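Content type mmCIF, C-alpha atoms, from the file model.cif:
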```cif
data_coords
#
loop_
_atom_site.label_atom_id
_atom_site.label_comp_id
_atom_site.auth_asym_id
_atom_site.auth_seq_id
_atom_site.Cartn_x
_atom_site.Cartn_y
_atom_site.Cartn_z
CA ALA V 20 25.04 7.75 -11.39
CA HIS V 21 23.29 6.76 -14.62
CA HIS V 22 19.57 7.47 -14.67
CA ALA V 23 18.92 3.81 -15.46
CA ALA V 24 20.07 2.99 -11.93
CA LEU V 25 18.76 5.91 -9.88
CA ASP V 26 16.11 8.56 -10.21
CA GLY V 27 16.65 12.08 -8.87
CA VAL V 28 15.05 11.44 -5.48
CA SER V 29 17.15 8.31 -4.94
CA GLY V 30 20.29 10.19 -5.97
CA ALA V 31 19.58 13.03 -3.55
CA ALA V 32 18.99 10.56 -0.72
CA LEU V 33 22.23 8.75 -1.60
CA LEU V 34 24.19 11.98 -1.04
CA LEU V 35 23.33 11.87 2.65
CA HIS V 36 25.00 8.46 2.87
CA LEU V 37 28.06 9.28 0.74
CA PHE V 38 28.88 12.53 2.57
CA ASP V 39 29.13 13.71 6.16
CA ARG V 40 26.80 16.17 7.82
CA ASP V 41 29.45 17.49 10.22
CA SER V 42 33.19 18.12 10.24
CA GLU V 43 34.11 14.63 11.43
CA PRO V 44 35.29 12.08 8.88
CA PRO V 45 33.02 9.06 8.50
CA VAL V 46 33.66 5.78 10.24
CA PRO V 47 34.46 3.11 7.62
CA ALA V 48 31.65 0.63 7.23
CA PRO V 49 32.44 -3.04 7.89
CA GLU V 50 33.06 -5.18 4.88
CA GLY V 51 29.97 -7.00 3.67
CA GLN V 52 29.54 -10.73 3.40
CA PRO V 53 30.24 -12.32 0.02
CA ALA V 54 27.18 -12.81 -2.13
CA LEU V 55 25.69 -16.26 -2.12
CA PRO V 56 25.36 -18.05 -5.45
CA THR V 57 21.92 -17.99 -7.04
CA THR V 58 20.10 -21.28 -6.55
CA ALA V 59 17.42 -22.86 -8.74
CA THR V 60 14.81 -21.99 -6.08
CA GLN V 61 15.89 -18.35 -6.14
CA ARG V 62 15.64 -18.30 -9.92
CA MET V 63 12.11 -19.70 -9.76
CA ARG V 64 11.12 -17.10 -7.20
CA GLU V 65 12.58 -14.37 -9.39
CA THR V 66 10.66 -15.65 -12.42
CA THR V 67 7.42 -15.71 -10.42
CA ARG V 68 8.05 -12.21 -9.11
CA ARG V 69 8.76 -10.96 -12.62
CA MET V 70 5.51 -12.46 -13.95
CA GLN V 71 3.57 -10.79 -11.14
CA GLU V 72 5.23 -7.46 -11.94
CA LEU V 73 4.28 -7.75 -15.62
CA ALA V 74 0.68 -8.60 -14.74
CA GLY V 75 0.51 -5.57 -12.44
CA ALA V 76 2.07 -3.35 -15.10
CA ALA V 77 -0.51 -4.52 -17.65
CA ARG V 78 -3.37 -3.66 -15.26
CA GLU V 79 -1.86 -0.26 -14.45
CA ALA V 80 -1.24 0.65 -18.08
CA GLY V 81 -4.67 -0.51 -19.20
CA GLY V 82 -6.43 1.44 -16.47
CA GLY V 83 -4.54 4.67 -17.17
CA LEU V 84 -5.04 4.52 -20.93
CA GLY V 85 -8.72 3.73 -20.42
CA ARG V 86 -9.19 6.80 -18.22
CA LEU V 87 -7.38 8.96 -20.79
CA LEU V 88 -9.48 7.62 -23.67
CA ARG V 89 -12.74 8.24 -21.80
CA ALA V 90 -11.66 11.78 -20.95
CA ARG V 91 -10.60 12.41 -24.54
CA LEU V 92 -13.93 11.21 -25.90
CA GLY V 93 -15.67 13.37 -23.33
CA ASP V 94 -13.52 16.38 -24.29
CA ALA V 95 -12.37 16.91 -20.70
CA ALA V 96 -10.56 20.19 -20.08
CA PRO V 97 -7.28 18.68 -18.75
CA VAL V 98 -6.89 16.66 -21.95
CA ARG V 99 -8.11 19.40 -24.27
CA ASP V 100 -5.85 22.15 -22.89
CA ALA V 101 -2.67 20.23 -22.03
CA PRO V 102 -0.03 19.68 -24.73
CA LEU V 103 -0.04 16.34 -26.46
CA PRO V 104 3.07 14.42 -27.58
CA PHE V 105 4.51 15.56 -30.93
CA SER V 106 2.83 18.98 -30.65
CA ALA V 107 6.00 20.92 -29.78
CA PRO V 108 7.52 23.55 -32.10
CA THR V 109 10.83 22.76 -33.79
CA VAL V 110 13.91 24.56 -32.46
CA SER V 111 17.64 23.96 -32.85
CA PHE V 112 17.93 21.50 -29.94
CA SER V 113 14.90 19.41 -30.96
CA GLY V 114 16.53 17.06 -33.47
CA SER V 115 18.85 14.06 -33.39
CA ILE V 116 21.70 14.26 -30.90
CA SER V 117 25.38 13.40 -31.29
CA SER V 118 27.77 11.93 -28.73
CA ARG V 119 29.28 15.36 -27.97
CA ARG V 120 28.19 16.98 -24.67
CA VAL V 121 28.53 20.49 -23.28
CA VAL V 122 27.82 21.51 -19.69
CA SER V 123 27.45 24.65 -17.62
CA TYR V 124 26.47 25.56 -14.08
CA SER V 125 25.07 28.43 -12.04
CA ARG V 126 23.46 28.95 -8.66
CA THR V 127 20.95 31.25 -7.03
CA PRO V 128 19.83 31.79 -3.41
CA LEU V 129 16.85 29.75 -2.32
CA GLU V 130 15.55 32.71 -0.33
CA ASP V 131 14.98 34.58 -3.59
CA VAL V 132 12.59 31.84 -4.65
CA ALA V 133 10.71 32.28 -1.37
CA THR V 134 10.44 36.03 -2.05
CA VAL V 135 8.95 35.41 -5.50
CA ARG V 136 6.45 32.92 -4.10
CA LYS V 137 5.42 35.33 -1.34
CA ALA V 138 4.69 38.11 -3.84
CA PHE V 139 3.27 36.20 -6.79
CA GLY V 140 2.11 32.85 -5.41
CA GLY V 141 2.93 29.52 -6.95
CA THR V 142 5.36 26.78 -5.91
CA VAL V 143 9.13 26.37 -5.96
CA ASN V 144 8.69 24.37 -9.15
CA ASP V 145 6.68 27.23 -10.69
CA VAL V 146 9.54 29.65 -10.00
CA VAL V 147 12.11 27.23 -11.41
CA LEU V 148 10.08 26.68 -14.58
CA ALA V 149 9.51 30.44 -14.98
CA ALA V 150 13.25 31.08 -14.70
CA CYS V 151 13.99 28.35 -17.24
CA THR V 152 11.33 29.81 -19.56
CA THR V 153 12.90 33.29 -19.42
CA ALA V 154 16.40 31.88 -20.00
CA LEU V 155 15.15 29.88 -23.00
CA ARG V 156 13.31 32.93 -24.39
CA ASP V 157 16.47 35.07 -24.24
CA TYR V 158 18.54 32.23 -25.75
CA LEU V 159 16.14 31.75 -28.66
CA ILE V 160 15.77 35.50 -29.30
CA ALA V 161 19.57 35.84 -29.51
CA ARG V 162 19.57 33.14 -32.21
CA ASN V 163 16.55 34.52 -34.04
CA GLU V 164 14.51 31.35 -33.57
CA LEU V 165 11.87 32.30 -31.01
CA PRO V 166 8.69 30.32 -31.87
CA ASP V 167 5.25 31.92 -31.84
CA ARG V 168 3.98 29.40 -29.30
CA ALA V 169 5.12 27.69 -26.13
CA LEU V 170 7.91 25.15 -25.93
CA VAL V 171 6.96 21.77 -24.46
CA ALA V 172 9.06 20.43 -21.59
CA SER V 173 9.08 16.92 -20.22
CA ILE V 174 9.11 17.19 -16.43
CA PRO V 175 10.03 14.12 -14.38
CA VAL V 176 7.57 13.34 -11.58
CA SER V 177 8.39 11.07 -8.65
CA THR V 178 5.93 8.21 -8.11
CA ARG V 179 7.72 6.89 -5.04
CA ARG V 180 5.49 5.53 -2.30
CA VAL V 181 6.26 5.00 1.37
CA CYS V 182 6.15 1.23 0.82
CA ASP V 183 8.69 1.33 -2.05
CA GLU V 184 12.20 0.10 -1.40
CA PRO V 185 14.92 2.78 -1.33
CA GLY V 186 16.95 3.37 -4.48
CA GLY V 187 16.04 2.45 -8.01
CA ASN V 188 13.68 4.28 -10.33
CA HIS V 189 10.16 5.32 -9.36
CA ILE V 190 9.50 8.03 -11.86
CA SER V 191 7.00 9.22 -14.42
CA ALA V 192 6.82 12.37 -16.54
CA MET V 193 4.37 15.05 -17.55
CA LEU V 194 4.38 17.45 -20.51
CA ALA V 195 4.06 21.14 -19.66
CA GLU V 196 4.17 24.25 -21.83
CA LEU V 197 6.89 26.86 -21.29
CA PRO V 198 5.39 30.12 -22.68
CA VAL V 199 8.56 31.58 -24.21
CA HIS V 200 6.47 33.55 -26.71
CA ILE V 201 4.99 35.84 -24.00
CA ASP V 202 6.89 39.10 -23.56
CA ASP V 203 5.70 40.37 -20.16
CA PRO V 204 7.55 38.57 -17.32
CA LEU V 205 4.60 38.42 -14.91
CA HIS V 206 2.17 37.33 -17.61
CA ARG V 207 4.71 34.69 -18.57
CA TYR V 208 5.00 33.57 -14.93
CA TRP V 209 1.27 33.21 -14.41
CA GLU V 210 0.71 31.49 -17.75
CA GLY V 211 3.46 29.06 -16.79
CA CYS V 212 1.66 28.36 -13.49
CA ARG V 213 -1.56 27.64 -15.39
CA ALA V 214 0.28 25.36 -17.83
CA THR V 215 1.82 23.37 -14.98
CA ARG V 216 -1.56 22.89 -13.32
CA ARG V 217 -3.06 21.66 -16.58
CA ALA V 218 -0.19 19.20 -16.92
CA LYS V 219 -0.67 17.98 -13.35
CA ARG V 220 -4.39 17.39 -13.90
CA LEU V 221 -3.70 15.38 -17.03
CA HIS V 222 -0.94 13.44 -15.30
CA GLY V 223 -3.28 12.68 -12.42
CA LEU V 224 -5.96 11.52 -14.83
CA LEU V 225 -3.54 9.23 -16.63
CA GLY V 226 -2.18 7.88 -13.37
CA GLY V 227 1.31 8.45 -12.07
CA ARG V 228 2.53 4.92 -12.79
CA THR V 229 0.99 4.39 -16.22
CA LEU V 230 4.05 5.52 -18.19
CA GLY V 231 6.33 3.41 -16.03
CA ALA V 232 4.04 0.43 -16.52
CA LEU V 233 4.14 0.88 -20.29
CA ALA V 234 7.94 1.03 -20.18
CA GLU V 235 8.00 -2.09 -18.03
CA LEU V 236 5.91 -3.98 -20.58
CA ALA V 237 7.99 -2.76 -23.51
CA ARG V 238 11.48 -3.29 -22.17
CA GLY V 239 13.68 -5.94 -23.67
CA PRO V 240 16.10 -6.57 -26.56
CA ALA V 241 13.56 -5.52 -29.21
CA LEU V 242 13.08 -2.11 -27.61
CA GLY V 243 16.84 -1.59 -27.34
CA LEU V 244 17.31 -2.47 -31.01
CA ALA V 245 14.49 -0.12 -32.03
CA ALA V 246 16.04 2.73 -30.00
CA ARG V 247 19.44 2.20 -31.65
CA LEU V 248 17.93 2.17 -35.13
CA TYR V 249 15.90 5.31 -34.36
CA SER V 250 19.10 7.07 -33.34
CA ASP V 251 21.33 5.70 -36.12
CA TRP V 252 18.85 6.67 -38.84
CA GLY V 253 18.28 10.16 -37.43
CA LEU V 254 14.53 9.68 -37.31
CA ALA V 255 14.12 12.47 -34.74
CA ASP V 256 14.78 14.96 -37.57
CA ARG V 257 11.88 13.64 -39.63
CA HIS V 258 8.88 14.36 -37.42
CA ALA V 259 7.61 16.97 -34.97
CA PRO V 260 9.39 16.78 -31.60
CA LEU V 261 7.88 14.62 -28.89
CA HIS V 262 8.96 17.47 -26.60
CA ASN V 263 11.67 20.14 -26.76
CA LEU V 264 13.70 19.57 -23.61
CA ILE V 265 13.72 18.04 -20.14
CA VAL V 266 13.46 20.23 -17.04
CA SER V 267 13.87 18.65 -13.61
CA ASN V 268 13.67 20.15 -10.12
CA VAL V 269 15.06 17.85 -7.43
CA PRO V 270 14.93 18.60 -3.69
CA GLY V 271 18.47 18.05 -2.45
CA PRO V 272 20.03 17.91 1.03
CA PRO V 273 18.85 20.93 3.05
CA VAL V 274 21.99 20.93 5.22
CA PRO V 275 25.66 21.58 4.35
CA LEU V 276 27.60 18.45 3.41
CA ARG V 277 31.22 17.54 4.02
CA PHE V 278 33.57 14.90 2.69
CA ALA V 279 36.50 13.87 4.90
CA GLY V 280 36.23 17.26 6.60
CA SER V 281 36.07 19.35 3.40
CA ALA V 282 32.97 21.42 2.72
CA VAL V 283 30.86 20.66 -0.36
CA ARG V 284 30.57 24.06 -2.05
CA ALA V 285 28.06 23.21 -4.77
CA LEU V 286 26.21 20.35 -6.43
CA HIS V 287 26.26 20.11 -10.22
CA PRO V 288 23.21 18.06 -11.25
CA HIS V 289 22.78 16.54 -14.69
CA GLY V 290 19.84 14.75 -16.28
CA PRO V 291 19.58 12.56 -19.39
CA LEU V 292 19.26 13.58 -23.03
CA MET V 293 17.35 11.79 -25.76
CA ASP V 294 16.90 12.11 -29.51
CA GLY V 295 14.55 15.00 -30.14
CA ALA V 296 15.42 16.68 -26.82
CA GLY V 297 19.06 17.66 -26.85
CA LEU V 298 18.84 19.94 -23.81
CA ASN V 299 18.38 19.15 -20.12
CA ILE V 300 18.12 21.70 -17.32
CA THR V 301 18.25 20.16 -13.85
CA VAL V 302 17.96 22.21 -10.67
CA MET V 303 18.81 20.83 -7.22
CA SER V 304 18.41 22.60 -3.90
CA HIS V 305 21.26 22.38 -1.41
CA ALA V 306 21.84 24.20 1.87
CA GLY V 307 20.05 27.42 0.97
CA SER V 308 20.94 27.51 -2.74
CA LEU V 309 19.54 26.28 -6.02
CA ASP V 310 22.30 24.70 -8.10
CA VAL V 311 21.56 24.71 -11.83
CA GLY V 312 23.09 22.18 -14.22
CA VAL V 313 22.74 22.45 -17.99
CA LEU V 314 23.64 19.42 -20.11
CA ALA V 315 23.20 19.58 -23.87
CA CYS V 316 24.20 18.10 -27.19
CA GLY V 317 27.25 20.06 -28.30
CA GLU V 318 26.15 20.08 -31.93
CA SER V 319 22.87 21.88 -31.25
CA VAL V 320 23.68 24.02 -28.18
CA ARG V 321 26.94 25.92 -28.61
CA GLU V 322 26.72 28.24 -25.57
CA PRO V 323 25.28 26.37 -22.58
CA GLY V 324 26.68 29.03 -20.26
CA SER V 325 24.16 31.58 -21.50
CA LEU V 326 21.35 29.23 -20.47
CA ALA V 327 22.79 28.43 -17.03
CA ARG V 328 23.50 32.09 -16.30
CA GLY V 329 20.12 32.99 -17.76
CA VAL V 330 18.27 30.83 -15.22
CA ALA V 331 20.02 32.54 -12.30
CA ALA V 332 19.50 35.98 -13.88
CA ALA V 333 15.80 35.24 -14.37
CA VAL V 334 15.39 34.40 -10.68
CA ARG V 335 17.11 37.70 -9.80
CA GLY V 336 14.78 39.57 -12.15
CA LEU V 337 11.67 38.00 -10.64
CA THR V 338 13.05 38.72 -7.15
CA ARG V 339 13.47 42.41 -7.92
CA GLN V 340 9.89 42.58 -9.18
CA ALA V 341 8.68 40.68 -6.13
CA GLU V 342 10.54 42.96 -3.71
CA HIS V 343 9.05 46.01 -5.41
CA GLN V 344 5.60 44.42 -5.20
CA LEU V 345 6.05 43.66 -1.50
CA ASP V 346 7.41 47.16 -0.80
CA GLU V 347 4.24 48.58 -2.34
CA GLY V 348 2.24 46.39 0.03
CA VAL V 349 0.33 44.76 -2.81
CA SER V 350 0.40 41.04 -3.51
CA ALA V 351 -0.12 39.64 -6.97
CA ALA V 352 -1.03 36.23 -5.56
CA ILE V 353 -4.78 36.97 -5.68
CA PRO V 354 -4.95 37.46 -9.46
CA LEU V 355 -2.75 34.38 -9.80
CA LEU V 356 -5.20 32.28 -7.83
CA ARG V 357 -8.06 33.62 -9.92
CA ALA V 358 -6.14 32.87 -13.10
CA VAL V 359 -5.31 29.27 -12.27
CA GLY V 360 -8.60 28.48 -10.54
#
```
How would this structure read if it were set down as structure tokens?
Amino acid sequence: AHHAALDGVSGAALLLHLFDRDSEPPVPAPEGQPALPTTATQRMRETTRRMQELAGAAREAGGGLGRLLRARLGDAAPVRDAPLPFSAPTVSFSGSISSRRVVSYSRTPLEDVATVRKAFGGTVNDVVLAACTTALRDYLIARNELPDRALVASIPVSTRRVCDEPGGNHISAMLAELPVHIDDPLHRYWEGCRATRRAKRLHGLLGGRTLGALAELARGPALGLAARLYSDWGLADRHAPLHNLIVSNVPGPPVPLRFAGSAVRALHPHGPLMDGAGLNITVMSHAGSLDVGVLACGESVREPGSLARGVAAAVRGLTRQAEHQLDEGVSAAIPLLRAVG
């Protein structure tokens, strides 16, 4: 499913309708009624609804930008410490992208993530980001391009509310630092936790729906033409990256799935690419496992397998450290809580 039609949460929910949760094949659904032609009244209602949506988007965007400006003028800590757009270092996958794609997959037990959290604190997302950070560090070291500061990842954030209709896109994003420049794994883990909390505070200050509201106001033929020209002219190579990559962690179906009686062995998630961010790492949980999907521009990432395998290997490495910590009867969660406040 293209991301223009579904966000990650909608896609995960759709799986439960497309597949079976037992060994019995599904009962075919009855054929739907033919769609009725659109009437003039329906068109007027749609126009009115669209105008109301635009007015709401303008209010949402204005409020979020106002809060951000006031915090910036007041030098608030979430704004001062969190990464800003176009502050990311330049690496090989941070330029213009081609039409060529490469993919790779790996998986790791979800119970290992629980072990890491028990020993070191943090969330599932913290463990996923730490594993991605370690995999990226090893990848960049092997290519002699490790920067002296953190990479900046765009992390999708669901803004779905209980009152929202199922399906569609209800998504925002936050920028978080991935401290690939830190050598010690535990220091890297805790610094990543701090970076994520800074990003969350800034995202909360801006308002979860502000970015979506801005996109709603800007959409249209002019925006599409501008995006095509930006890509055709390779403008992503001429300025600092907006961010380096996209990292997404999507909760998937917690139970085994079947299709016509056959077991689903793994899910291979993919997220979108964009000029300036030619690498996407998407992780989806499924029936006791974390399935990792790497999608990248083939011109800038030649060995996606090393990244996919690196994420799983990083989780194993953290798990071994966590098991040792737990065997010693000492938890590192207390210094973590002190570090992140």
statement: Separating CA of Val122 (chain V) from CA of Arg321 (chain V), to the nearest tenth of an Å, is a gap of 10.0 Å
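Proximity ranking of V:Arg126, V:Arg277, V:His222, V:Arg328 relative to Asp310 (chain V) places V:Arg126 first, based on only C-alpha atoms.
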task: Quote the spacing between CA of Gly295 (chain V) and CA of Ser191 (chain V) in Å to one decimal place.
output: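 According to the coordinates, CA of Gly295 (chain V) and CA of Ser191 (chain V) are separated by 18.4 Å.
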Take the PyMOL selection byres ((chain V and resi 35) around 12), apply it to the structure above, and return the hits as a short mmCIF file (atom, residue, chain, number, x, y, z; two decimals) with C-alpha atoms, in the frame of the given file.
```
data_model
loop_
_atom_site.label_atom_id
_atom_site.label_comp_id
_atom_site.auth_asym_id
_atom_site.auth_seq_id
_atom_site.Cartn_x
_atom_site.Cartn_y
_atom_site.Cartn_z
CA VAL V 28 15.05 11.44 -5.48
CA SER V 29 17.15 8.31 -4.94
CA GLY V 30 20.29 10.19 -5.97
CA ALA V 31 19.58 13.03 -3.55
CA ALA V 32 18.99 10.56 -0.72
CA LEU V 33 22.23 8.75 -1.60
CA LEU V 34 24.19 11.98 -1.04
CA HIS V 36 25.00 8.46 2.87
CA LEU V 37 28.06 9.28 0.74
CA PHE V 38 28.88 12.53 2.57
CA ASP V 39 29.13 13.71 6.16
CA ARG V 40 26.80 16.17 7.82
CA ASP V 41 29.45 17.49 10.22
CA PRO V 45 33.02 9.06 8.50
CA GLY V 271 18.47 18.05 -2.45
CA PRO V 272 20.03 17.91 1.03
CA PRO V 273 18.85 20.93 3.05
CA VAL V 274 21.99 20.93 5.22
CA PRO V 275 25.66 21.58 4.35
CA LEU V 276 27.60 18.45 3.41
CA ARG V 277 31.22 17.54 4.02
CA PHE V 278 33.57 14.90 2.69
CA VAL V 283 30.86 20.66 -0.36
CA HIS V 305 21.26 22.38 -1.41
#
```
task: Take CA of Ile174 (chain V) and CA of Arg247 (chain V) and report the distance between them in Å, one decimal.
output: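 Distance reported for this atom pair: 23.7 Å.
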- request: Name the closest residue to Met193 (chain V) among the candidates V:Pro270, V:Gly140, V:Gly317, V:Pro102; distances are taken between atoms, counting all atoms listed in the file.
  value: V:Pro102
- request: Rank V:Ala285, V:Arg216, V:Arg257, V:Glu347 by their smallest atom-to-atom distance to Thr142 (chain V), using all atoms listed in the file, and report the top residue only.
  value: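 Among V:Ala285, V:Arg216, V:Arg257, V:Glu347, it is V:Arg216 that comes nearest to Thr142 (chain V).
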task: Expand the PyMOL selection byres ((chain V and resi 208) around 9) into the individual residues it matches in the shown file, reporting them as a PyMOL selection string.
output: chain V and resi 139+145-146+148-150+152+198+203-207+209-213
Using only C-alpha atoms, which protein or nucleic acid residues come within 10 Å of Arg335 (chain V)? Drop anything in the same chain fewer than 6 positions from it, and give the result as a compact mmCIF listing (two decimals) with C-alpha atoms, in the coordinates of the input.
```
# COMPACT_ATOMS: atom_id res chain seq x y z
CA THR V 127 20.95 31.25 -7.03
CA PRO V 128 19.83 31.79 -3.41
CA ASP V 131 14.98 34.58 -3.59
CA VAL V 132 12.59 31.84 -4.65
CA VAL V 135 8.95 35.41 -5.50
CA ALA V 150 13.25 31.08 -14.70
CA GLY V 329 20.12 32.99 -17.76
CA ALA V 341 8.68 40.68 -6.13
```
Give me the box for region 313-331 of chain V as JSON, namely the centre and edge lengths in Å to one decimal of a box along x, y and z that holds every listed atom plus 4 Å on each side.
```
{"center_x": 22.8, "center_y": 25.5, "center_z": -22.1, "size_x": 17.0, "size_y": 22.9, "size_z": 27.6}
```
- request: Do a neighbour search on Leu261 (chain V) at 10 Å with all atoms listed in the file, toss out local chain neighbours closer than 6 positions, and write the hits as a list in words.
  value: Leu103, Pro104, Phe105, Ser106, Ala107, Pro108, Thr109, Ser113, Val171, Ala172, Ser173, Leu194, Ala255, Asp294, Gly295 and Ala296 of chain V
field: Picked residues, the PyMOL selection byres ((chain V and resi 287) around 7), as a PyMOL selection string
entry: chain V and resi 124+285-286+288-289+310-312
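Proximity to Leu254 (chain V) was assessed for V:Val330, V:Ile116, V:Val302, V:Ile160 counting all atoms listed in the file; the smallest distance is recorded for V:Ile116.
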message: Given all atoms listed in the file as the basis, pick out the residue of V:Val147, V:Glu130, V:Ser111, V:Arg136 nearest to Leu165 (chain V).
response: V:Ser111
